[in-house]
Amino acid sequence: MTDLLLTEDERMLQATVRRFADRELAPRAREADEREEFSWDVWKGMAALGLPGIGVDPALGGSGGGYRQMAIAEEEVARGDASASVTLVAHMSLGVQTIYQFGSEEQKSRYVPLLAGGDGIAAWALTEPGGGSDAAALRTTAALEDGLYHLNGSKTFITNADVARAIVLFATLDRSQGSRGIAAFIVDTDAPGLTIHKQHGKMGMRGSTTTEVTLEDVRVPAENLIGEEGKGFRYAMDILDSSRIVIAAQCVGIAQAALEAALSYAQQRQSFGRPIAQHQAIQFMLADMATDVYASRVATMHAATLKDNGIPYINEASMAKLLASEAAVRVTSKALQVHGGYGYFKESPVERYFRDARVTTIYEGTSEVQRLIIARQILAQYQV
Ligand SMILES: Cc1cc2nc3c(=O)[nH]c(=O)nc-3n(C[C@H](O)[C@H](O)[C@H](O)COP(=O)(O)OP(=O)(O)OC[C@H]3O[C@@H](n4cnc5c(N)ncnc54)[C@H](O)[C@@H]3O)c2cc1C
């Protein structure tokens with residue numbers, strides 16, 4: 001692709017979000033992490049910049065743009081505070097996009113302006129206590145009776161649900177049908193029978209909220225079925241394919257922050273009579289870190305460019321997610337190493353970057369799942 005370089009508008013978006021992240025996100029990230037606290041002020045700040053509505057037509061209250069713009073914004077938010085970027089991605093590229101891409105006109109006009117404008121937050125609930133990778137085996141049930149779907153079951157590790165206005169939730173109408181028995185629903189969070197508990201004790205991303213969602217005969221109007229019965233699994237996989245681009249951008253942002261911290265520290269810390277940046281061992285770590293960040297960013301923007309241009313992109317999105325998440329773990333670990341003992345304490349932001357990066361090889365498809373997707377695609381392409 002020729003247009004990996006940012007356009008003038010994209011540069012403006014990047015600069016605007018970077019300024020916001022430097023001023024509003026980075027200074028409070030440590031406290032949010034310590035207190036495990038979701039911040040409405042941070043959400044309102046992101047909403048004021050139009051970030052929750054990226055990827056949505058302005059006619060529906062969105063900010064326009066596509067996956068390139070989502071990736072640019074996500075990277076900058078994650079560079080300032082990875083937790084804020086988890087809140088954003090679960091809303092923007094999971095919850096909102098499912099309704100926007102697969103919802104009826106009525107659903108779109110009812111939910112999308114509210115969510116895209118940031119007046120309400122969206123959550124997206126696929127994972128269950130019994131497993132996340134094997135999503136087709138989900139057990140939450142939906143049964144249609146008298147024009148209402150009755151939902152029963154539980155979801156776990158759901159980002160945003162306790163602060164959300166609506167949850168896009170997947171349930172099975174017929175377990176014997178496997179993935180073809182699954183449907184997607186919009187569930188209002190004030191629905192009777194819905195219980196949402198915050199899950200405490202995460203290793204990282206502690207300023208984002210993760211929840212357990214229990215459904216006991218939750219009645220959802222038939223018009224809240226997204227698309228068609230039996231197609232929910234396909235919608236979920238489509239949405240995950242593209243959202244992985246945004247997660248890859250999140251990884252780039254965390255790794256970029258760690259690289260910058262290491263570059264700064266290495267030029268100030270002295271050992272053996274000179275800044276540690278003058279030791280070749282440290283220089284090599286910095287060079288490897290910068291190379292990881294660069295490769296991850298290029299792969300992410302390439303996948304986003306393919307997606308925005310209607311060119312097949314699923315393999316590239318998986319490769320970008322796999323590469324960027326594993327790179328983020330490597331880069332944050334090296335940044336900690338560059339900081340020596342100080343990097344092991346909470347006074348140093350790299351300790352948080354290291355913990356925040358770790359989950360990225362797990363959610364929105366583990367590294368193992370990405371390798372399965374990539375292997376399947378390349379083996380199909382190179383059949384002998
Ligand atoms: C902070 C956080 C936020 C999250 N937010 C959301 C959210 O908003 N919505 C949502 O729906 N989910 C969310 N998740 C859930 C996340 O997507 C799942 O944790 C993830 O999909 C993995 O599922 P699991 O935890 O059940 O692990 P499992 O599926 O049980 O996997 C356990 C291990 O087995 C491996 N494995 C499984 N199957 C295979 C296989 N076939 N081949 C090789 N290896 C395999 C996995 O790679 C992993 O290493 C979140 C998770 C976290 C930690």
# chains A, B, ... in the order shown; residues from 1 in each chain; ligands from 1

call {"tool": "select_by_dssp", "arguments": {"residues": "stretch 98-237 of chain A", "states": "helix (DSSP H, G or I)", "output": "ChimeraX atom specification"}}
result
/A:98-102,105-116,135-137,161-163,175-181,222-224,232-237

call {"tool": "select_by_dssp", "arguments": {"residues": "stretch 81-229 of chain A", "states": "strand (DSSP E)", "output": "VMD selection string"}}
result
chain A and resid 122 to 125 141 to 145 148 to 159 166 to 172 182 to 188 194 to 198 210 to 221 225 to 226

call {"tool": "residues_around", "arguments": {"residues": "stretch 335-351 of chain A", "least_positions_apart": "5", "cutoff": "7 Å", "atoms": "only C-alpha atoms", "output": "list in words"}}
result
Ala258, Leu259, Ala262, Tyr265, Ala266 and Ile282 of chain A

call {"tool": "residues_near_ligand", "arguments": {"ligand": "ligand 1", "cutoff": "6 Å", "atoms": "only C-alpha atoms and all ligand atoms", "output": "list in words"}}
result
Ala90, Trp124, Ala125, Leu126, Thr127, Gly131, Gly132, Ser133, Asp134, Phe157, Ile158, Thr159, Thr210, Val359, Ile362, Tyr363, Glu364, Gly365, Thr366, Glu368 and Val369 of chain A

call {"tool": "residues_around", "arguments": {"residues": "A:Ala29", "least_positions_apart": "2", "cutoff": "8 Å", "atoms": "only C-alpha atoms", "output": "list in words"}}
result
Leu25, Ala26, Pro27, Glu31, Ala32, Asp33, Gly80, Asp81, Ser83 and Gly207 of chain A

call {"tool": "residues_around", "arguments": {"residues": "A:Gln97", "least_positions_apart": "3", "cutoff": "10 Å", "atoms": "only C-alpha atoms", "output": "PDB file with all heavy atoms, in the first residue's frame"}}
result
ATOM      1  N   GLY A  53     -17.143   8.161  18.750  1.00  0.00           N
ATOM      2  CA  GLY A  53     -17.914   8.080  17.513  1.00  0.00           C
ATOM      3  C   GLY A  53     -17.071   7.893  16.268  1.00  0.00           C
ATOM      4  O   GLY A  53     -17.580   7.976  15.139  1.00  0.00           O
ATOM      5  N   ILE A  54     -15.769   7.617  16.437  1.00  0.00           N
ATOM      6  CA  ILE A  54     -14.946   7.369  15.245  1.00  0.00           C
ATOM      7  C   ILE A  54     -15.427   6.086  14.576  1.00  0.00           C
ATOM      8  O   ILE A  54     -15.765   5.106  15.247  1.00  0.00           O
ATOM      9  CB  ILE A  54     -13.447   7.271  15.598  1.00  0.00           C
ATOM     10  CG1 ILE A  54     -12.948   8.560  16.254  1.00  0.00           C
ATOM     11  CG2 ILE A  54     -12.623   6.997  14.338  1.00  0.00           C
ATOM     12  CD1 ILE A  54     -11.480   8.529  16.636  1.00  0.00           C
ATOM     13  N   GLY A  55     -15.494   6.132  13.246  1.00  0.00           N
ATOM     14  CA  GLY A  55     -15.965   4.961  12.500  1.00  0.00           C
ATOM     15  C   GLY A  55     -17.463   4.979  12.257  1.00  0.00           C
ATOM     16  O   GLY A  55     -18.009   4.048  11.680  1.00  0.00           O
ATOM     17  N   VAL A  56     -18.122   6.048  12.729  1.00  0.00           N
ATOM     18  CA  VAL A  56     -19.575   6.169  12.550  1.00  0.00           C
ATOM     19  C   VAL A  56     -19.861   7.436  11.743  1.00  0.00           C
ATOM     20  O   VAL A  56     -19.280   8.505  11.997  1.00  0.00           O
ATOM     21  CB  VAL A  56     -20.288   6.242  13.921  1.00  0.00           C
ATOM     22  CG1 VAL A  56     -21.763   6.585  13.753  1.00  0.00           C
ATOM     23  CG2 VAL A  56     -20.127   4.928  14.675  1.00  0.00           C
ATOM     24  N   ALA A  90     -13.492  -1.227  23.684  1.00  0.00           N
ATOM     25  CA  ALA A  90     -14.673  -2.075  23.912  1.00  0.00           C
ATOM     26  C   ALA A  90     -15.940  -1.361  23.450  1.00  0.00           C
ATOM     27  O   ALA A  90     -16.866  -1.975  22.922  1.00  0.00           O
ATOM     28  CB  ALA A  90     -14.781  -2.443  25.394  1.00  0.00           C
ATOM     29  N   HIS A  91     -15.959  -0.052  23.636  1.00  0.00           N
ATOM     30  CA  HIS A  91     -17.104   0.751  23.196  1.00  0.00           C
ATOM     31  C   HIS A  91     -17.095   0.932  21.671  1.00  0.00           C
ATOM     32  O   HIS A  91     -18.054   0.584  20.992  1.00  0.00           O
ATOM     33  CB  HIS A  91     -17.040   2.118  23.897  1.00  0.00           C
ATOM     34  CG  HIS A  91     -17.964   3.144  23.326  1.00  0.00           C
ATOM     35  ND1 HIS A  91     -19.226   3.356  23.818  1.00  0.00           N
ATOM     36  CD2 HIS A  91     -17.816   4.014  22.299  1.00  0.00           C
ATOM     37  CE1 HIS A  91     -19.817   4.310  23.118  1.00  0.00           C
ATOM     38  NE2 HIS A  91     -18.976   4.726  22.187  1.00  0.00           N
ATOM     39  N   MET A  92     -15.981   1.484  21.182  1.00  0.00           N
ATOM     40  CA  MET A  92     -15.911   1.990  19.806  1.00  0.00           C
ATOM     41  C   MET A  92     -15.888   0.882  18.758  1.00  0.00           C
ATOM     42  O   MET A  92     -16.723   0.865  17.842  1.00  0.00           O
ATOM     43  CB  MET A  92     -14.648   2.861  19.694  1.00  0.00           C
ATOM     44  CG  MET A  92     -14.282   3.381  18.330  1.00  0.00           C
ATOM     45  SD  MET A  92     -12.812   4.460  18.411  1.00  0.00           S
ATOM     46  CE  MET A  92     -11.491   3.288  18.716  1.00  0.00           C
ATOM     47  N   SER A  93     -14.933  -0.044  18.876  1.00  0.00           N
ATOM     48  CA  SER A  93     -14.772  -1.010  17.781  1.00  0.00           C
ATOM     49  C   SER A  93     -15.482  -2.337  18.055  1.00  0.00           C
ATOM     50  O   SER A  93     -15.572  -3.170  17.169  1.00  0.00           O
ATOM     51  CB  SER A  93     -13.292  -1.236  17.458  1.00  0.00           C
ATOM     52  OG  SER A  93     -12.565  -1.647  18.580  1.00  0.00           O
ATOM     53  N   LEU A  94     -15.993  -2.533  19.293  1.00  0.00           N
ATOM     54  CA  LEU A  94     -16.794  -3.737  19.558  1.00  0.00           C
ATOM     55  C   LEU A  94     -18.283  -3.368  19.621  1.00  0.00           C
ATOM     56  O   LEU A  94     -19.042  -3.669  18.710  1.00  0.00           O
ATOM     57  CB  LEU A  94     -16.350  -4.408  20.870  1.00  0.00           C
ATOM     58  CG  LEU A  94     -14.967  -5.089  20.862  1.00  0.00           C
ATOM     59  CD1 LEU A  94     -14.642  -5.663  22.238  1.00  0.00           C
ATOM     60  CD2 LEU A  94     -14.878  -6.205  19.830  1.00  0.00           C
ATOM     61  N   TYR A 100     -23.821  -0.664  14.580  1.00  0.00           N
ATOM     62  CA  TYR A 100     -23.686   0.174  13.377  1.00  0.00           C
ATOM     63  C   TYR A 100     -23.608  -0.679  12.100  1.00  0.00           C
ATOM     64  O   TYR A 100     -24.221  -0.359  11.087  1.00  0.00           O
ATOM     65  CB  TYR A 100     -22.436   1.036  13.525  1.00  0.00           C
ATOM     66  CG  TYR A 100     -22.207   2.020  12.399  1.00  0.00           C
ATOM     67  CD1 TYR A 100     -23.147   2.998  12.097  1.00  0.00           C
ATOM     68  CD2 TYR A 100     -21.027   1.967  11.663  1.00  0.00           C
ATOM     69  CE1 TYR A 100     -22.909   3.907  11.066  1.00  0.00           C
ATOM     70  CE2 TYR A 100     -20.789   2.871  10.638  1.00  0.00           C
ATOM     71  CZ  TYR A 100     -21.733   3.833  10.346  1.00  0.00           C
ATOM     72  OH  TYR A 100     -21.501   4.726   9.340  1.00  0.00           O
ATOM     73  N   GLN A 101     -22.870  -1.788  12.176  1.00  0.00           N
ATOM     74  CA  GLN A 101     -22.677  -2.598  10.966  1.00  0.00           C
ATOM     75  C   GLN A 101     -23.811  -3.600  10.723  1.00  0.00           C
ATOM     76  O   GLN A 101     -24.129  -3.912   9.586  1.00  0.00           O
ATOM     77  CB  GLN A 101     -21.344  -3.363  11.043  1.00  0.00           C
ATOM     78  CG  GLN A 101     -20.129  -2.458  10.941  1.00  0.00           C
ATOM     79  CD  GLN A 101     -18.814  -3.237  10.915  1.00  0.00           C
ATOM     80  OE1 GLN A 101     -18.751  -4.362  10.430  1.00  0.00           O
ATOM     81  NE2 GLN A 101     -17.768  -2.632  11.447  1.00  0.00           N
ATOM     82  N   PHE A 102     -24.415  -4.109  11.814  1.00  0.00           N
ATOM     83  CA  PHE A 102     -25.384  -5.198  11.631  1.00  0.00           C
ATOM     84  C   PHE A 102     -26.785  -4.881  12.142  1.00  0.00           C
ATOM     85  O   PHE A 102     -27.701  -5.679  11.945  1.00  0.00           O
ATOM     86  CB  PHE A 102     -24.866  -6.477  12.323  1.00  0.00           C
ATOM     87  CG  PHE A 102     -23.523  -6.916  11.799  1.00  0.00           C
ATOM     88  CD1 PHE A 102     -22.383  -6.808  12.589  1.00  0.00           C
ATOM     89  CD2 PHE A 102     -23.393  -7.412  10.513  1.00  0.00           C
ATOM     90  CE1 PHE A 102     -21.143  -7.196  12.105  1.00  0.00           C
ATOM     91  CE2 PHE A 102     -22.165  -7.801  10.016  1.00  0.00           C
ATOM     92  CZ  PHE A 102     -21.031  -7.695  10.806  1.00  0.00           C
ATOM     93  N   GLY A 103     -26.953  -3.746  12.817  1.00  0.00           N
ATOM     94  CA  GLY A 103     -28.254  -3.404  13.389  1.00  0.00           C
ATOM     95  C   GLY A 103     -29.247  -2.925  12.338  1.00  0.00           C
ATOM     96  O   GLY A 103     -28.876  -2.550  11.219  1.00  0.00           O
ATOM     97  N   VAL A 112     -27.250   4.346  18.125  1.00  0.00           N
ATOM     98  CA  VAL A 112     -25.943   4.812  17.656  1.00  0.00           C
ATOM     99  C   VAL A 112     -25.669   6.291  17.983  1.00  0.00           C
ATOM    100  O   VAL A 112     -24.586   6.614  18.492  1.00  0.00           O
ATOM    101  CB  VAL A 112     -25.736   4.484  16.153  1.00  0.00           C
ATOM    102  CG1 VAL A 112     -24.453   5.124  15.621  1.00  0.00           C
ATOM    103  CG2 VAL A 112     -25.677   2.974  15.954  1.00  0.00           C
ATOM    104  N   ALA A 116     -22.421   6.932  19.985  1.00  0.00           N
ATOM    105  CA  ALA A 116     -21.328   7.557  19.229  1.00  0.00           C
ATOM    106  C   ALA A 116     -21.009   8.943  19.773  1.00  0.00           C
ATOM    107  O   ALA A 116     -19.862   9.390  19.752  1.00  0.00           O
ATOM    108  CB  ALA A 116     -21.693   7.631  17.748  1.00  0.00           C
ATOM    109  N   ALA A 122     -20.995   1.699  25.520  1.00  0.00           N
ATOM    110  CA  ALA A 122     -21.387   0.361  25.088  1.00  0.00           C
ATOM    111  C   ALA A 122     -20.427  -0.680  25.657  1.00  0.00           C
ATOM    112  O   ALA A 122     -19.240  -0.402  25.854  1.00  0.00           O
ATOM    113  CB  ALA A 122     -21.385   0.275  23.565  1.00  0.00           C
ATOM    114  N   ILE A 239     -16.667  -8.701  13.739  1.00  0.00           N
ATOM    115  CA  ILE A 239     -16.315  -7.547  14.562  1.00  0.00           C
ATOM    116  C   ILE A 239     -14.938  -7.757  15.210  1.00  0.00           C
ATOM    117  O   ILE A 239     -14.111  -6.844  15.259  1.00  0.00           O
ATOM    118  CB  ILE A 239     -17.420  -7.285  15.619  1.00  0.00           C
ATOM    119  CG1 ILE A 239     -18.665  -6.702  14.937  1.00  0.00           C
ATOM    120  CG2 ILE A 239     -16.937  -6.395  16.750  1.00  0.00           C
ATOM    121  CD1 ILE A 239     -18.496  -5.317  14.320  1.00  0.00           C
ATOM    122  N   SER A 242     -11.977  -7.091  12.785  1.00  0.00           N
ATOM    123  CA  SER A 242     -11.589  -5.688  12.557  1.00  0.00           C
ATOM    124  C   SER A 242     -11.147  -4.993  13.843  1.00  0.00           C
ATOM    125  O   SER A 242     -10.232  -4.160  13.815  1.00  0.00           O
ATOM    126  CB  SER A 242     -12.726  -4.918  11.886  1.00  0.00           C
ATOM    127  OG  SER A 242     -13.947  -5.192  12.522  1.00  0.00           O
ATOM    128  N   SER A 243     -11.749  -5.368  14.967  1.00  0.00           N
ATOM    129  CA  SER A 243     -11.359  -4.721  16.222  1.00  0.00           C
ATOM    130  C   SER A 243      -9.910  -5.051  16.593  1.00  0.00           C
ATOM    131  O   SER A 243      -9.254  -4.297  17.308  1.00  0.00           O
ATOM    132  CB  SER A 243     -12.309  -5.142  17.347  1.00  0.00           C
ATOM    133  OG  SER A 243     -12.020  -4.445  18.527  1.00  0.00           O
TER     134      SER A 243
END
